[in-house]
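Q: For reference, the structure I am asking about is given below.
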Amino acid sequence: MTEKYVNMGQIEVARGDGMLITVGLGSCVGVAIYDQERMVGGMAHVFLAASKDGKGTTQPGKFADTAIPALIEAVIRAGGRRSAFQAKIAGGANLFPKLQAVSLNVGKQNVAAVKEHLLLNNIPLRGEDVEGNSGRKMILYVREGIVVVQSIGNSPREI
């Protein structure tokens with residue numbers, strides 16, 4: 001089984017028996033998009049909700065508004081069919097719970113932006129493990145189309 005780690009701001013794709021793994025999802029959001037029938041999927045580790053201009057970044061995986069379109073294109077290039085795509089997301093924690101104002105809650109902003117851009121791109125969201133106060137690890141098992149999330153101090157669970 002081939003494992004690929006997706007670091008902050010990155011986008012990776014895998015086929016067949018590949019695994020995509022991202023760790024350290026605090027306020028960041030892990031986004032998995034996959035075509036289960038063709039056994040191809042991709043993952044982005046989104047750091048912030050929006051880029052300045054929606055296009056001018058050398059690292060599109062960093063921002064929700066650039067990561068979702070770039071992730072879709074990467075999975076299509078790897079053989080996925082847009083019409084079969086499904087998405088699952090994890091992360092978006094508020095690691096500073098004393099800061100409750102939405103304007104200060106980067107995790108909540110990231111989750112909202114990722115959901116907005118999935119909706120704008122007609123990608124159905126089939127599972128999520130978001131917000132709260134704990135960091136997470138997210139794994140996409142491409143062959144099975146399964147996403148497992150583990151919060152700090154908890155057992156892994158499928159979403």
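Numbering starts fresh at 1 for the residues of each chain in the structure tokens, the chains themselves are lettered A, B, ... in the order given, and ligands are numbered from 1 as they appear.
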Find the residues near A:Lys52: any atom within 12 Å, counting only C-alpha atoms, skip ones fewer than 6 places away on the same chain, and give them as a ChimeraX atom specification.
A: /A:60,62-66
Q: Which residues come within 10 Å of A:Met1, counting only C-alpha atoms, excluding same-chain residues fewer than 4 positions away, as a list in words?
A: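 Within the cut-off, the hits are Gly16, Asp17, Gly18, Met19 and Tyr141 of chain A.
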Q: For the selection just defined, write its residues with C-alpha atoms to a file, as an mmCIF file, in the first residue's frame.
A:
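Result saved to result.cif:
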```
data_model
loop_
_atom_site.group_PDB
_atom_site.id
_atom_site.type_symbol
_atom_site.label_atom_id
_atom_site.label_comp_id
_atom_site.auth_asym_id
_atom_site.auth_seq_id
_atom_site.Cartn_x
_atom_site.Cartn_y
_atom_site.Cartn_z
ATOM 1 C CA GLY A 16 -5.826 1.939 -6.258
ATOM 2 C CA ASP A 17 -4.472 0.814 -2.922
ATOM 3 C CA GLY A 18 -3.046 4.241 -2.064
ATOM 4 C CA MET A 19 -3.541 6.038 1.230
ATOM 5 C CA TYR A 141 -8.147 4.749 1.855
#
```
Q: Please list as a list in words every residue within 7 Å of A:Glu12, counting only C-alpha atoms and excluding residues in the same chain fewer than 6 positions away.
A: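 With the cut-off at 7 Å, the set is Val6, Gly42, Met43 and Ala44 of chain A.
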Q: Restricting it to N, CA and C atoms, dump the selection as a tab-separated table (two decimals), in the first residue's frame.
A:
```
chain	number	residue	atom	x	y	z
A	6	VAL	N	0.11	14.45	3.17
A	6	VAL	CA	-0.32	15.73	2.64
A	6	VAL	C	-0.04	16.77	3.72
A	42	GLY	N	-8.12	12.36	-4.01
A	42	GLY	CA	-7.16	13.39	-3.69
A	42	GLY	C	-7.47	14.00	-2.35
A	43	MET	N	-6.46	14.65	-1.80
A	43	MET	CA	-6.63	15.32	-0.50
A	43	MET	C	-5.89	16.65	-0.51
A	44	ALA	N	-6.51	17.63	0.12
A	44	ALA	CA	-5.89	18.94	0.33
A	44	ALA	C	-5.87	19.22	1.83
```
Q: For the structure I just gave you, how does DSSP split stretch 22-96 of chain A - specifically, which residues are alpha helix (DSSP H)? Reply as a list in words.
A: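 Alpha helix (DSSP H) members of stretch 22-96 of chain A, listed: Ala64, Asp65, Thr66, Ala67, Ile68, Pro69, Ala70, Leu71, Ile72, Glu73, Ala74, Val75, Ile76 and Arg77 of chain A.
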Q: Between A:Asn105, A:Gln150, A:Gln86, A:Gln10, which residue has the minimum interatomic distance to A:Ala32, considering only C-alpha atoms?
A: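 Residue with the minimum atom-to-atom distance to A:Ala32: A:Gln86.
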Q: Excluding A:Gly127 and any residue of its chain fewer than 2 positions from it, enumerate the residues within 9 Å of it, using only C-alpha atoms, and give them as a PyMOL selection string.
A: chain A and resi 87-90+125+129+147+158-159
Q: Kindly give the distance, in Å, that separates atom CA of A:Gly79 and atom CA of A:Ala113, rounded to a single decimal.
A: 26.3 Å
Q: I need the residues in chain A that are strand (DSSP E) according to DSSP; give them as a PyMOL selection string.
A: chain A and resi 3-5+11-15+19-25+29-35+40-46+86-91+125-130+136-141+146-151+157-158
Q: Could you write those residues out with C-alpha atoms, as a short mmCIF file (atom, residue, chain, number, x, y, z; two decimals), in the first residue's frame?
A:
```cif
data_model
loop_
_atom_site.label_atom_id
_atom_site.label_comp_id
_atom_site.auth_asym_id
_atom_site.auth_seq_id
_atom_site.Cartn_x
_atom_site.Cartn_y
_atom_site.Cartn_z
CA GLU A 3 1.18 6.10 1.58
CA LYS A 4 1.40 9.79 0.73
CA TYR A 5 1.47 12.48 3.38
CA ILE A 11 -2.62 18.66 -2.59
CA GLU A 12 -1.88 14.99 -3.33
CA VAL A 13 -3.64 12.29 -5.35
CA ALA A 14 -3.53 8.49 -5.23
CA ARG A 15 -5.02 5.54 -7.08
CA MET A 19 -3.54 6.04 1.23
CA LEU A 20 -3.55 9.80 1.66
CA ILE A 21 -2.76 10.98 5.17
CA THR A 22 -2.75 14.41 6.75
CA VAL A 23 -1.88 15.14 10.35
CA GLY A 24 -1.94 18.24 12.48
CA LEU A 25 -5.40 19.41 11.46
CA VAL A 29 -9.35 21.52 7.14
CA GLY A 30 -8.51 18.26 5.38
CA VAL A 31 -10.56 17.78 2.22
CA ALA A 32 -10.84 14.38 0.52
CA ILE A 33 -12.45 14.11 -2.91
CA TYR A 34 -12.70 10.69 -4.51
CA ASP A 35 -14.28 8.57 -7.25
CA VAL A 40 -8.90 7.51 -7.44
CA GLY A 41 -8.87 10.27 -4.86
CA GLY A 42 -7.16 13.39 -3.69
CA MET A 43 -6.63 15.32 -0.50
CA ALA A 44 -5.89 18.94 0.33
CA HIS A 45 -4.70 20.37 3.66
CA VAL A 46 -6.40 23.79 3.62
CA GLN A 86 -17.81 12.63 -3.24
CA ALA A 87 -16.15 14.68 -0.52
CA LYS A 88 -15.42 14.27 3.16
CA ILE A 89 -13.83 16.85 5.43
CA ALA A 90 -12.20 17.02 8.85
CA GLY A 91 -10.63 19.68 11.03
CA LEU A 125 -20.28 16.36 1.03
CA ARG A 126 -20.82 12.82 2.36
CA GLY A 127 -19.15 13.05 5.76
CA GLU A 128 -17.48 15.41 8.17
CA ASP A 129 -15.77 15.62 11.53
CA VAL A 130 -15.30 19.34 12.11
CA ARG A 136 -7.09 15.60 14.10
CA LYS A 137 -5.46 13.13 11.74
CA MET A 138 -7.30 12.18 8.51
CA ILE A 139 -6.71 9.17 6.24
CA LEU A 140 -8.31 8.42 2.86
CA TYR A 141 -8.15 4.75 1.85
CA ILE A 146 -13.17 5.24 3.26
CA VAL A 147 -12.08 8.23 5.32
CA VAL A 148 -10.95 7.68 8.91
CA VAL A 149 -10.44 10.52 11.35
CA GLN A 150 -8.75 10.40 14.73
CA SER A 151 -9.04 13.26 17.20
CA ARG A 157 -13.61 6.57 13.40
CA GLU A 158 -14.95 6.39 9.89
#
```
Q: Find, counting only C-alpha atoms, the residue in A:Met8, A:Ile123, A:Met39, A:Ala112 that gets nearest to A:Arg143.
A: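 Among A:Met8, A:Ile123, A:Met39, A:Ala112, it is A:Met39 that comes nearest to A:Arg143.
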